[in-house]
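Before any comments, here is the structure.
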Protein chains: 2
Amino acid sequence: MNDIKPVPSRAGRGQATSHSELSQIALHLFIDRGFDETTVDEIAKAAGVGRRTLFRYFQTKNDLPWGNFDPLLDSMRMTLARADRNLPLIDALREAVIEFNSFPDDEREMHRSRMRLLLSVPTLMAHSTLRYAEWRQVIAEFVADRLDVRPHDLPPQTIAWACLGICLAAYEQWLERDDADLVKTFEVAFANAEAVFGAALPQQESRHESGRESEHESPRA
Amino acid sequence: MNDIKPVPSRAGRGQATSHSELSQIALHLFIDRGFDETTVDEIAKAAGVGRRTLFRYFQTKNDLPWGNFDPLLDSMRMTLARADRNLPLIDALREAVIEFNSFPDDEREMHRSRMRLLLSVPTLMAHSTLRYAEWRQVIAEFVADRLDVRPHDLPPQTIAWACLGICLAAYEQWLERDDADLVKTFEVAFANAEAVFGAALPQQESRHESGRESEHESPRA
DNA sequence: ATTCTAATGGCACTCGGTGCCAAAAATAAA
DNA sequence: TTTATTTTTGGCACCGAGTGCCATTAGAAT
């Protein structure tokens with residue numbers, strides 16, 4: 001909500017507002033007037049800053065409801081780094097993702113509102129893809145480390161994309177029921193993926209109809 | 001390329017151009033001048049139509065490089081509908097996806113260019129999310145039918161999202177190597193997902209640490 | 001030729017986003 | 001206190017995407 005300015009220390013004019021304050025104001029306007037119905041000028045006016053200034057804090061209108069995402073990403077990176085290396089890859093991922101999406105109870109309603117906005121407004125849904133790319137990168141780096149390949153290779157990228165998909169499906173489901181438990185929904189979503197994708201494995205070597213060996217790695221998690 | 005007008009039949013002025021012609025012209029301009037560097041006015045001029053008219057054929061500039069996607073979706077729906085019901089879900093999905101992404105050799109370079117554009121230009125990458133939603137819906141409907149749940153439920157949505165993720169990872173990989181085989185890349189991507197997500201299963205009932213039964217279905221593919 | 005119909009395309013306008021730059025405000029130096 | 005330095009602000013003009021409105025155009029039917 002309000003950032004402390006620990007060291008207003010060095011020279012120059014003070015900031016007229018803060019990143020998170022702008023985000024808050026915009027978010028509230030979006031929630032009760034609608035995203036497309038709220039103009040940037042209105043947000044700037046509501047925040048008491050010039051429109052030009054607002055665009056220095058946020059690159060686009062679409063970025064406003066996201067607030068500052070980076071600390072959350074760093075946090076997830078840390079969680080993954082701390083994961084027990086004996087834990088199967090998929091379990092480490094599930095736990096990190098759940099941790100990443102855990103918020104204090106008093107933030108629950110705000111979180112729901114924000115996510116509803118992000119997932120229901122087409123413009124935001126689309127734009128979010130760019131934010132998700134950073135999120136995927138965190139996952140990919142972790143998976144790459146575990147499989148001893150580069151983050152950019154197919155297996156980490158595939159897993160990262162798939163994890164994102166699972167999370168988004170879980171969120172969509174969570175938003176539909178007022179009483180839904182987010183953590184539980186994530187667990188079920190992961191279980192669904194495991195059931196379907198794991199179904200081809202039990203028959204052991206059945207994946208070789210198409211013959212030729214691959215230059216890509218087929219990881220054993 | 002050129003649509004036949006089977007029945008110019010009924011009254012009114014003739015169309016100045018066609019959907020696919022506009023798409024072609026725009027695509028070429030995007031490819032050799034860059035997406036952001038090409039204005040809608042330039043496209044309209046190149047196509048010899050008014051800017052206003054162009055916006056009747058395509059809702060946004062972002063839609064231009066996609067051409068008409070719907071027939072492809074219908075085709076995938078058909079492929080899935082024809083799938084052997086004894087085939088495991090995941091195999092049916094893999095095959096349909098591969099079929100969906102198979103193009104004649106002479107379209108290969110064009111396809112690469114288009115996909116490179118769609119996956120590398122941030123604006124398009126973001127916008128594509130909306131197209132992918134339709135694609136996911138096709139998958140979700142198929143999965144829902146197989147699992148005897150509603151398309152909207154968690155399992156179909158999760159699988160659909162995960163499939164999308166797998167496909168996008170495969171495409172990104174394919175675009176990096178001139179000589180890469182798209183089909184093979186898809187197969188490897190699916191295999192990666194199966195390996196990682198299937199890893200939790202072999203221990204059979206190990207998914208119950210967190211106790212309580214779920215109101216969601218946990219499908220057996 | 002006239003009428004009907006449907007597509008066209010120009011015009012003006014809104015809104016998001018950017019480059020430019022003078023003015024404001026805060027600190028550091030004199 | 002005054003002056004110089006530094007940094008942010010915010011106004012202005014401008015661009016490009018997208019839309020509502022509407023007179024015009026061109027083909028088909030009468």
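A note on labels: chains of the structure tokens are A, B, ... as shown, every chain counts residues from 1, and ligands are counted from 1 in their shown order.
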
Could the residues of chain C within 12 Å of chain B, counting only C-alpha atoms (C1' of nucleotides), be given as a VMD selection string, please? chain C and resid 3 to 11

Could you save the residues just selected, with N, CA and C atoms (P, O5', C5', C4', C3', O3' and C1' of nucleotides), as a PDB file, in the first residue's frame?
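Saved the output as selection-v5.pdb:
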```pdb
ATOM      1  P    DT C   3     -37.188   5.161 -58.890  1.00  0.00           P
ATOM      2  O5'  DT C   3     -37.184   3.856 -57.988  1.00  0.00           O
ATOM      3  C5'  DT C   3     -37.781   2.643 -58.485  1.00  0.00           C
ATOM      4  C4'  DT C   3     -37.217   1.464 -57.719  1.00  0.00           C
ATOM      5  C3'  DT C   3     -36.808   1.772 -56.276  1.00  0.00           C
ATOM      6  O3'  DT C   3     -37.252   0.711 -55.441  1.00  0.00           O
ATOM      7  C1'  DT C   3     -35.017   0.770 -57.394  1.00  0.00           C
ATOM      8  P    DC C   4     -37.369   0.922 -53.887  1.00  0.00           P
ATOM      9  O5'  DC C   4     -36.490  -0.313 -53.369  1.00  0.00           O
ATOM     10  C5'  DC C   4     -36.542  -1.549 -54.109  1.00  0.00           C
ATOM     11  C4'  DC C   4     -35.282  -2.351 -53.827  1.00  0.00           C
ATOM     12  C3'  DC C   4     -34.741  -2.200 -52.398  1.00  0.00           C
ATOM     13  O3'  DC C   4     -34.518  -3.498 -51.865  1.00  0.00           O
ATOM     14  C1'  DC C   4     -33.003  -1.881 -53.967  1.00  0.00           C
ATOM     15  P    DT C   5     -34.241  -3.692 -50.305  1.00  0.00           P
ATOM     16  O5'  DT C   5     -32.751  -4.245 -50.320  1.00  0.00           O
ATOM     17  C5'  DT C   5     -32.329  -5.071 -51.397  1.00  0.00           C
ATOM     18  C4'  DT C   5     -30.823  -5.156 -51.410  1.00  0.00           C
ATOM     19  C3'  DT C   5     -30.177  -5.024 -50.030  1.00  0.00           C
ATOM     20  O3'  DT C   5     -29.253  -6.084 -49.872  1.00  0.00           O
ATOM     21  C1'  DT C   5     -29.141  -3.555 -51.558  1.00  0.00           C
ATOM     22  P    DA C   6     -28.865  -6.556 -48.364  1.00  0.00           P
ATOM     23  O5'  DA C   6     -27.279  -6.573 -48.468  1.00  0.00           O
ATOM     24  C5'  DA C   6     -26.666  -7.094 -49.642  1.00  0.00           C
ATOM     25  C4'  DA C   6     -25.355  -6.390 -49.873  1.00  0.00           C
ATOM     26  C3'  DA C   6     -24.532  -6.190 -48.595  1.00  0.00           C
ATOM     27  O3'  DA C   6     -23.192  -6.564 -48.873  1.00  0.00           O
ATOM     28  C1'  DA C   6     -24.730  -4.152 -49.755  1.00  0.00           C
ATOM     29  P    DA C   7     -22.156  -6.749 -47.657  1.00  0.00           P
ATOM     30  O5'  DA C   7     -20.880  -6.010 -48.231  1.00  0.00           O
ATOM     31  C5'  DA C   7     -20.492  -6.249 -49.580  1.00  0.00           C
ATOM     32  C4'  DA C   7     -19.717  -5.062 -50.066  1.00  0.00           C
ATOM     33  C3'  DA C   7     -18.600  -4.638 -49.116  1.00  0.00           C
ATOM     34  O3'  DA C   7     -17.385  -4.538 -49.847  1.00  0.00           O
ATOM     35  C1'  DA C   7     -19.997  -2.783 -49.628  1.00  0.00           C
ATOM     36  P    DT C   8     -16.058  -3.991 -49.114  1.00  0.00           P
ATOM     37  O5'  DT C   8     -16.127  -2.462 -49.530  1.00  0.00           O
ATOM     38  C5'  DT C   8     -16.208  -2.137 -50.908  1.00  0.00           C
ATOM     39  C4'  DT C   8     -16.123  -0.638 -51.067  1.00  0.00           C
ATOM     40  C3'  DT C   8     -14.921  -0.004 -50.381  1.00  0.00           C
ATOM     41  O3'  DT C   8     -14.190   0.735 -51.346  1.00  0.00           O
ATOM     42  C1'  DT C   8     -16.916   1.148 -49.813  1.00  0.00           C
ATOM     43  P    DG C   9     -12.617   0.968 -51.063  1.00  0.00           P
ATOM     44  O5'  DG C   9     -12.653   2.419 -50.400  1.00  0.00           O
ATOM     45  C5'  DG C   9     -13.204   3.494 -51.139  1.00  0.00           C
ATOM     46  C4'  DG C   9     -13.391   4.686 -50.230  1.00  0.00           C
ATOM     47  C3'  DG C   9     -12.197   4.961 -49.300  1.00  0.00           C
ATOM     48  O3'  DG C   9     -12.069   6.369 -49.151  1.00  0.00           O
ATOM     49  C1'  DG C   9     -14.122   4.766 -48.030  1.00  0.00           C
ATOM     50  P    DG C  10     -10.686   7.009 -49.415  1.00  0.00           P
ATOM     51  O5'  DG C  10     -10.975   8.514 -48.973  1.00  0.00           O
ATOM     52  C5'  DG C  10     -12.047   9.216 -49.571  1.00  0.00           C
ATOM     53  C4'  DG C  10     -12.842   9.981 -48.527  1.00  0.00           C
ATOM     54  C3'  DG C  10     -11.982  10.740 -47.510  1.00  0.00           C
ATOM     55  O3'  DG C  10     -12.421  12.084 -47.479  1.00  0.00           O
ATOM     56  C1'  DG C  10     -13.638   9.466 -46.393  1.00  0.00           C
ATOM     57  P    DC C  11     -11.537  13.160 -46.723  1.00  0.00           P
ATOM     58  O5'  DC C  11     -12.329  13.363 -45.359  1.00  0.00           O
ATOM     59  C5'  DC C  11     -13.739  13.547 -45.385  1.00  0.00           C
ATOM     60  C4'  DC C  11     -14.239  13.773 -43.971  1.00  0.00           C
ATOM     61  C3'  DC C  11     -13.189  14.403 -43.052  1.00  0.00           C
ATOM     62  O3'  DC C  11     -13.775  15.436 -42.279  1.00  0.00           O
ATOM     63  C1'  DC C  11     -13.972  12.353 -42.128  1.00  0.00           C
TER      64       DC C  11
END
```

Which chain D residues are at most 10 Å from chain B (counting only C-alpha atoms (C1' of nucleotides)), as a VMD selection string? chain D and resid 16 to 19 25 to 29

Save the residues we just selected, C-alpha atoms (C1' of nucleotides), as a tab-separated table (two decimals), in the first residue's frame?
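Written output follows (selection-v8.tsv):
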```tsv
chain	number	residue	atom	x	y	z
D	16	DG	C1'	-1.06	5.12	-34.80
D	17	DA	C1'	-4.99	2.00	-33.85
D	18	DG	C1'	-9.71	1.65	-33.86
D	19	DT	C1'	-14.86	3.47	-34.27
D	25	DT	C1'	-20.59	3.52	-55.45
D	26	DA	C1'	-21.66	-0.59	-57.97
D	27	DG	C1'	-24.00	-4.70	-58.84
D	28	DA	C1'	-28.79	-7.23	-59.12
D	29	DA	C1'	-33.52	-7.24	-59.58
```

List the neighbours of DA22 of chain C out to 12 Å using only C-alpha atoms (C1' of nucleotides); skip same-chain residues closer than 2 positions along the sequence, and give me the result as a list in words. DC20 and DA24 of chain C; DT9, DG10, DG11 and DC12 of chain D

Filtering to C-alpha atoms (C1' of nucleotides), could you give me those residues as a PDB file, in the first residue's frame?
```pdb
ATOM      1  C1'  DC C  20      10.527  17.117 -26.264  1.00  0.00           C
ATOM      2  C1'  DA C  24       9.260  22.710 -10.202  1.00  0.00           C
TER       3       DA C  24
ATOM      4  C1'  DT D   9       7.230  16.474 -13.127  1.00  0.00           C
ATOM      5  C1'  DG D  10       3.735  17.578 -16.432  1.00  0.00           C
ATOM      6  C1'  DG D  11       2.155  20.209 -20.377  1.00  0.00           C
ATOM      7  C1'  DC D  12       2.046  20.141 -25.489  1.00  0.00           C
TER       8       DC D  12
END
```

Run DSSP on the backbone and grab whatever in segment 103-140 of chain A lands in alpha helix (DSSP H); send it over as an NGL selection string. :A and (108-120 or 122-140)

Quick one: which residues from chain B are at most 9 Å off chain A, using only C-alpha atoms, as a PyMOL selection string? chain B and resi 88-91+122-123+125-130+152-170+172-173+184-185+187-202+207+210+214+216-221

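Atom CA of Leu182 of chain B is found 17.7 Å from atom CA of Ala92 of chain B.
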
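Counting only C-alpha atoms (C1' of nucleotides), segment 27-31 of chain A has the following residues at most 6 Å away, ignoring those fewer than 4 positions along the same chain: Ser23, Phe35 and Pro65 of chain A.
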
With C-alpha atoms retained, write the just-selected residues as an mmCIF file, in the first residue's frame.
```
data_model
loop_
_atom_site.group_PDB
_atom_site.id
_atom_site.type_symbol
_atom_site.label_atom_id
_atom_site.label_comp_id
_atom_site.auth_asym_id
_atom_site.auth_seq_id
_atom_site.Cartn_x
_atom_site.Cartn_y
_atom_site.Cartn_z
ATOM 1 C CA SER A 23 -1.457 0.379 -9.071
ATOM 2 C CA PHE A 35 -11.053 -1.787 -17.476
ATOM 3 C CA PRO A 65 -3.284 -4.050 -12.383
#
```

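Shortest atom-to-atom contact with DG17 of chain C among A:Gln137, A:Glu95, A:Asn62, A:Glu37: A:Asn62, counting only C-alpha atoms (C1' of nucleotides).
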
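Every protein, DNA or RNA residue with an atom at most 9 Å from Phe100 of chain A, where only C-alpha atoms (C1' of nucleotides) count and chain neighbours fewer than 3 positions away do not, is listed here: Leu72, Leu73, Ser75, Met76, Thr79, Glu95, Ala96, Val97 and Phe103 of chain A.
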
Separation of atom CA of Ala140 of chain B from atom CA of Val183 of chain A, in Å and rounded to one decimal: 22.5 Å

Coordinates-based distance that separates atom CA of Arg116 of chain A from atom CA of Ala26 of chain A (Å, one decimal): 14.8 Å
